[in-house]
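Report on the structure given below.
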Protein chains: 2
Amino acid sequence: MKIRIPFKKQQFDAREEAIIDAVNRLLSEKGYDLMTMDDVADAVGIAKGSLYKHFSSKDKLAAAALIRLLNATMAELETLPDTMPEIEKIRHILTWSLKLRLEGGVPHLPSTSLTLQRSLMLNLEYITLALKMHKRFHAMVAKAREQGALTPLVPDDVLVYTLYSRACDPTVDFLLRDKRMSHEQIVTAMVHATLGGFLSEQARTAAQAAA
Amino acid sequence: MKIRIPFKKQQFDAREEAIIDAVNRLLSEKGYDLMTMDDVADAVGIAKGSLYKHFSSKDKLAAAALIRLLNATMAELETLPDTMPEIEKIRHILTWSLKLRLEGGVPHLPSTSLTLQRSLMLNLEYITLALKMHKRFHAMVAKAREQGALTPLVPDDVLVYTLYSRACDPTVDFLLRDKRMSHEQIVTAMVHATLGGFLSEQARTAAQAAA
DNA sequence: GTCTATATCAGGATAGAC
DNA sequence: GTCTATCCTGATATAGAC
């Protein structure tokens, strides 16, 4: 049973995607508080009034962008084979996040803005997804620890939160501004510097042998 | 030759200190963009009009707080004995920054806000100090590398910028919110996780022997 | 559903009395 | 130098024509 999607609807959805794209870029550039609805409207090329037909508030707009990001992250996790050691999954998702950020696609996380944080806490769809991802991350880290990859000196929570935070680390901004390292070099260095502090001796020698 | 400082002047200076204290707290809580002059005036307990007699703009206010922070950081560095291995100095200053942050004393760094960043770039006193500290950090990291403490896999710049960034890492906010770790535990874990990624094998085994 | 106003309000900065 | 009252810009959100 094939369902035809009306052209109008397609057009509408495409526009919404375009809006969220713009929001993503703007959020990563200016952050939530400095991003204005005028910015968004201009970037998409529509009037501000029209923008409000799609999203009833600035909150909703940012939430939509973050929800898309959460879904993308979950999808990326799905692509990883079950057989992959958990620490490699962690490395993969960290690398993926950093790359996304460098391409300008990733919002500065909610952590950046108190106002955004508060409004997100009232958004059921966002909370549900965020919680799901949080559990997923926790499970991944716990398994990595079972597999002996993590140092006992740092608790699980620290690594979980670091996975969220590193993609919006100002260090990356500074390195970008210097223009002395390529995107790829930045990612490699950041991943090494970030994970290096969490690895057990065992995992470290294993990683060294691999390299 | 003893110079008497007029009482009025003492009072004035004390008030300025109180203002900067409040700004520090507010900056660390809400960040630059969300901090309002009303907030500051209320926190200090004076009228907004009076506030402007002390600082002619919001920019200046934030700059004053950051300048005080830079000076405090330089002073802290001065206290360290020359004989101390550079990597230990690095560890010390990182620990110091994190503690300060946990006490609510440290502003979220300029990196947080684009607007603040831009206005700071026009503030000669700030730029001069920031550059001085930047050079100081760079020298410290370069020496640490000479002393064989750093891994060749991560460039100096990354560590330098990390020293700035880690004190405003959202990871710390998350850990604080959970209330599952004491301030001291948070500092220890963050320092280990942060520096762990930069150490050479040599430094790592040395650190392990020390512990 | 898109546009062009416009209502409304918050926040930075200033004026002017004391 | 402190206060109160006010100006003015910029930003969210809405109204109303097409």
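Every chain in the structure tokens has a letter given in the order shown (A, B, ...), and although residue numbers restart at 1 in each chain, ligands are simply numbered from 1 in the order shown.
Shell of DT2 in chain C at 10 Å, with only C-alpha atoms (C1' of nucleotides) counted and residues fewer than 5 places along the chain excluded, is Ile46, Ala47, Lys48, Gly49, Ser50, Leu51 and Lys53 of chain A; DC18 of chain D.
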Suppose we keep N, CA and C atoms (P, O5', C5', C4', C3', O3' and C1' of nucleotides); can you now write the selection as an mmCIF file, in the first residue's frame?
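result.cif, written as the output of this step:
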data_model
loop_
_atom_site.group_PDB
_atom_site.id
_atom_site.type_symbol
_atom_site.label_atom_id
_atom_site.label_comp_id
_atom_site.auth_asym_id
_atom_site.auth_seq_id
_atom_site.Cartn_x
_atom_site.Cartn_y
_atom_site.Cartn_z
ATOM 1 N N ILE A 46 12.729 33.721 4.679
ATOM 2 C CA ILE A 46 11.292 33.954 4.813
ATOM 3 C C ILE A 46 11.062 35.066 5.826
ATOM 4 N N ALA A 47 9.843 35.513 5.922
ATOM 5 C CA ALA A 47 9.538 36.575 6.874
ATOM 6 C C ALA A 47 9.372 35.989 8.265
ATOM 7 N N LYS A 48 9.587 36.852 9.238
ATOM 8 C CA LYS A 48 9.508 36.384 10.627
ATOM 9 C C LYS A 48 8.117 35.848 10.939
ATOM 10 N N GLY A 49 7.118 36.528 10.407
ATOM 11 C CA GLY A 49 5.754 36.082 10.635
ATOM 12 C C GLY A 49 5.536 34.648 10.171
ATOM 13 N N SER A 50 6.113 34.310 9.020
ATOM 14 C CA SER A 50 5.959 32.958 8.477
ATOM 15 C C SER A 50 6.648 31.936 9.370
ATOM 16 N N LEU A 51 7.756 32.355 9.905
ATOM 17 C CA LEU A 51 8.519 31.458 10.776
ATOM 18 C C LEU A 51 7.645 30.963 11.922
ATOM 19 N N LYS A 53 4.574 30.442 11.899
ATOM 20 C CA LYS A 53 3.579 29.454 11.472
ATOM 21 C C LYS A 53 4.163 28.049 11.605
ATOM 22 P P DC D 18 -5.698 44.015 1.334
ATOM 23 O "O5'" DC D 18 -5.042 42.666 0.802
ATOM 24 C "C5'" DC D 18 -3.809 42.691 0.079
ATOM 25 C "C4'" DC D 18 -3.393 41.265 -0.227
ATOM 26 C "C3'" DC D 18 -4.285 40.516 -1.222
ATOM 27 O "O3'" DC D 18 -3.617 40.400 -2.489
ATOM 28 C "C1'" DC D 18 -3.578 39.139 0.600
#
Residues of chain C within 10 Å of chain A, only C-alpha atoms (C1' of nucleotides) counted, as an MDAnalysis selection string: chainID C and resid 1:4
Would you save the residues of that selection, restricted to N, CA and C atoms (P, O5', C5', C4', C3', O3' and C1' of nucleotides), as a compact mmCIF listing (two decimals), in the first residue's frame?
# COMPACT_ATOMS: atom_id res chain seq x y z
P DG C 1 -0.87 25.74 5.40
O5' DG C 1 0.40 26.76 5.33
C5' DG C 1 1.27 26.69 4.28
C4' DG C 1 1.65 28.10 3.94
C3' DG C 1 2.65 28.71 4.92
O3' DG C 1 3.55 29.46 4.10
C1' DG C 1 0.90 30.20 4.63
P DT C 2 5.05 29.55 4.34
O5' DT C 2 5.35 31.04 3.82
C5' DT C 2 5.02 31.38 2.48
C4' DT C 2 4.64 32.84 2.41
C3' DT C 2 5.52 33.75 3.24
O3' DT C 2 6.53 34.36 2.44
C1' DT C 2 3.22 34.37 3.33
P DC C 3 7.60 35.27 3.16
O5' DC C 3 6.90 36.70 3.36
C5' DC C 3 6.85 37.60 2.27
C4' DC C 3 5.78 38.65 2.51
C3' DC C 3 6.19 39.76 3.47
O3' DC C 3 6.77 40.84 2.75
C1' DC C 3 3.96 38.97 3.94
P DT C 4 7.61 41.92 3.56
O5' DT C 4 6.54 42.94 4.14
C5' DT C 4 5.49 43.42 3.32
C4' DT C 4 4.56 44.28 4.16
C3' DT C 4 5.28 45.33 5.02
O3' DT C 4 4.48 46.50 5.10
C1' DT C 4 4.08 43.88 6.42
Selection near DA11 in chain D, 12 Å with only C-alpha atoms (C1' of nucleotides), sequence-local residues under 3 positions removed, as a VMD selection string: (chain A and resid 33 to 39 48 58) or (chain C and resid 8 to 11)
Distance-based interface of chain D with chain A, 12 Å, counting only C-alpha atoms (C1' of nucleotides), as a VMD selection string: chain D and resid 10 to 16
Hey, list the chain B side of the contact with chain A: 8 Å cut-off, only C-alpha atoms, answer as a tab-separated table (two decimals) with N, CA and C atoms, in the first residue's frame.
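Written out: selection.tsv:
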chain	number	residue	atom	x	y	z
B	30	LYS	N	25.06	32.84	35.48
B	30	LYS	CA	24.20	33.06	34.32
B	30	LYS	C	24.95	33.33	33.03
B	33	ASP	N	25.71	37.20	28.85
B	33	ASP	CA	24.53	37.69	28.13
B	33	ASP	C	23.28	37.75	29.01
B	34	LEU	N	23.19	36.79	29.92
B	34	LEU	CA	21.99	36.73	30.76
B	34	LEU	C	22.10	37.58	32.02
B	111	SER	N	35.05	32.89	26.29
B	111	SER	CA	34.62	32.00	25.21
B	111	SER	C	33.11	31.83	25.19
B	112	THR	N	32.49	31.98	26.34
B	112	THR	CA	31.06	31.73	26.45
B	112	THR	C	30.26	32.67	25.56
B	113	SER	N	30.64	33.93	25.55
B	113	SER	CA	29.81	34.90	24.86
B	113	SER	C	30.54	35.65	23.74
B	114	LEU	N	29.98	35.59	22.57
B	114	LEU	CA	30.58	36.28	21.43
B	114	LEU	C	30.65	37.78	21.67
B	153	LEU	N	51.64	12.99	20.73
B	153	LEU	CA	50.43	12.84	19.93
B	153	LEU	C	49.52	14.07	19.97
B	154	VAL	N	49.74	14.96	20.95
B	154	VAL	CA	48.87	16.14	21.06
B	154	VAL	C	49.74	17.41	21.09
B	155	PRO	N	49.44	18.36	20.22
B	155	PRO	CA	50.23	19.60	20.13
B	155	PRO	C	50.09	20.48	21.38
B	157	ASP	N	49.38	23.64	21.73
B	157	ASP	CA	48.22	24.54	21.73
B	157	ASP	C	47.00	23.91	22.40
B	158	VAL	N	46.80	22.64	22.12
B	158	VAL	CA	45.61	21.97	22.64
B	158	VAL	C	45.63	21.99	24.17
B	161	TYR	N	44.99	25.71	25.50
B	161	TYR	CA	43.58	26.09	25.44
B	161	TYR	C	42.74	25.27	26.41
B	162	THR	N	43.15	24.03	26.60
B	162	THR	CA	42.42	23.20	27.56
B	162	THR	C	42.53	23.78	28.97
B	164	TYR	N	42.58	26.84	29.74
B	164	TYR	CA	41.54	27.87	29.85
B	164	TYR	C	40.16	27.25	30.00
B	165	SER	N	39.93	26.24	29.19
B	165	SER	CA	38.55	25.76	28.99
B	165	SER	C	38.02	24.87	30.09
B	169	ASP	N	33.99	23.89	31.92
B	169	ASP	CA	33.45	22.71	31.25
B	169	ASP	C	32.07	22.40	31.83
B	170	PRO	N	31.07	22.22	30.97
B	170	PRO	CA	29.73	21.88	31.45
B	170	PRO	C	29.72	20.58	32.26
B	171	THR	N	30.70	19.72	32.02
B	171	THR	CA	30.78	18.48	32.79
B	171	THR	C	30.69	18.78	34.29
B	174	PHE	N	27.13	19.52	35.38
B	174	PHE	CA	26.35	18.29	35.49
B	174	PHE	C	26.67	17.54	36.77
B	175	LEU	N	27.96	17.41	37.05
B	175	LEU	CA	28.37	16.67	38.25
B	175	LEU	C	27.87	17.37	39.51
B	189	ALA	N	38.84	14.14	40.00
B	189	ALA	CA	38.48	13.39	38.79
B	189	ALA	C	38.71	14.22	37.53
B	190	MET	N	38.33	15.49	37.58
B	190	MET	CA	38.49	16.34	36.40
B	190	MET	C	39.97	16.53	36.06
B	192	HIS	N	42.47	14.54	36.79
B	192	HIS	CA	43.00	13.30	36.24
B	192	HIS	C	42.54	13.08	34.80
B	193	ALA	N	41.24	13.25	34.59
B	193	ALA	CA	40.69	13.01	33.25
B	193	ALA	C	41.28	13.98	32.24
B	194	THR	N	41.50	15.20	32.67
B	194	THR	CA	42.01	16.21	31.73
B	194	THR	C	43.47	15.98	31.38
B	195	LEU	N	44.29	15.86	32.41
B	195	LEU	CA	45.73	15.74	32.14
B	195	LEU	C	46.10	14.37	31.58
B	196	GLY	N	45.32	13.35	31.96
B	196	GLY	CA	45.63	12.00	31.51
B	196	GLY	C	45.84	11.89	30.02
B	197	GLY	N	45.11	12.68	29.26
B	197	GLY	CA	45.21	12.61	27.82
B	197	GLY	C	46.45	13.28	27.25
B	198	PHE	N	47.18	13.99	28.08
B	198	PHE	CA	48.34	14.75	27.56
B	198	PHE	C	49.67	14.17	28.00
Between CA of Gly105 in chain A and CA of Val141 in chain A - distance in Å to one decimal: 25.4 Å
DSSP alpha helix (DSSP H) residues within range 36-143 of chain B, listed as number ranges by chain: B: 37-44, 48-54, 58-78, 86-102, 114-120, 124-143
Interatomic distance, CA of Thr79 in chain A to CA of Ala130 in chain A (Å, one decimal):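 So the two atoms, CA of Thr79 in chain A and CA of Ala130 in chain A, lie 19.0 Å apart.
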Range 69-76 of chain B environment, 10 Å, only C-alpha atoms (C1' of nucleotides), sequence neighbours closer than 5 positions dropped, as an MDAnalysis selection string: chainID B and resid 24 63:64 92:93 96:97 100 105:107 126 129:130 132:133 136:137
Distance in Å - CA of Ala144 in chain B versus CA of Ile87 in chain B: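 For CA of Ala144 in chain B relative to CA of Ile87 in chain B, the distance reads 5.4 Å.
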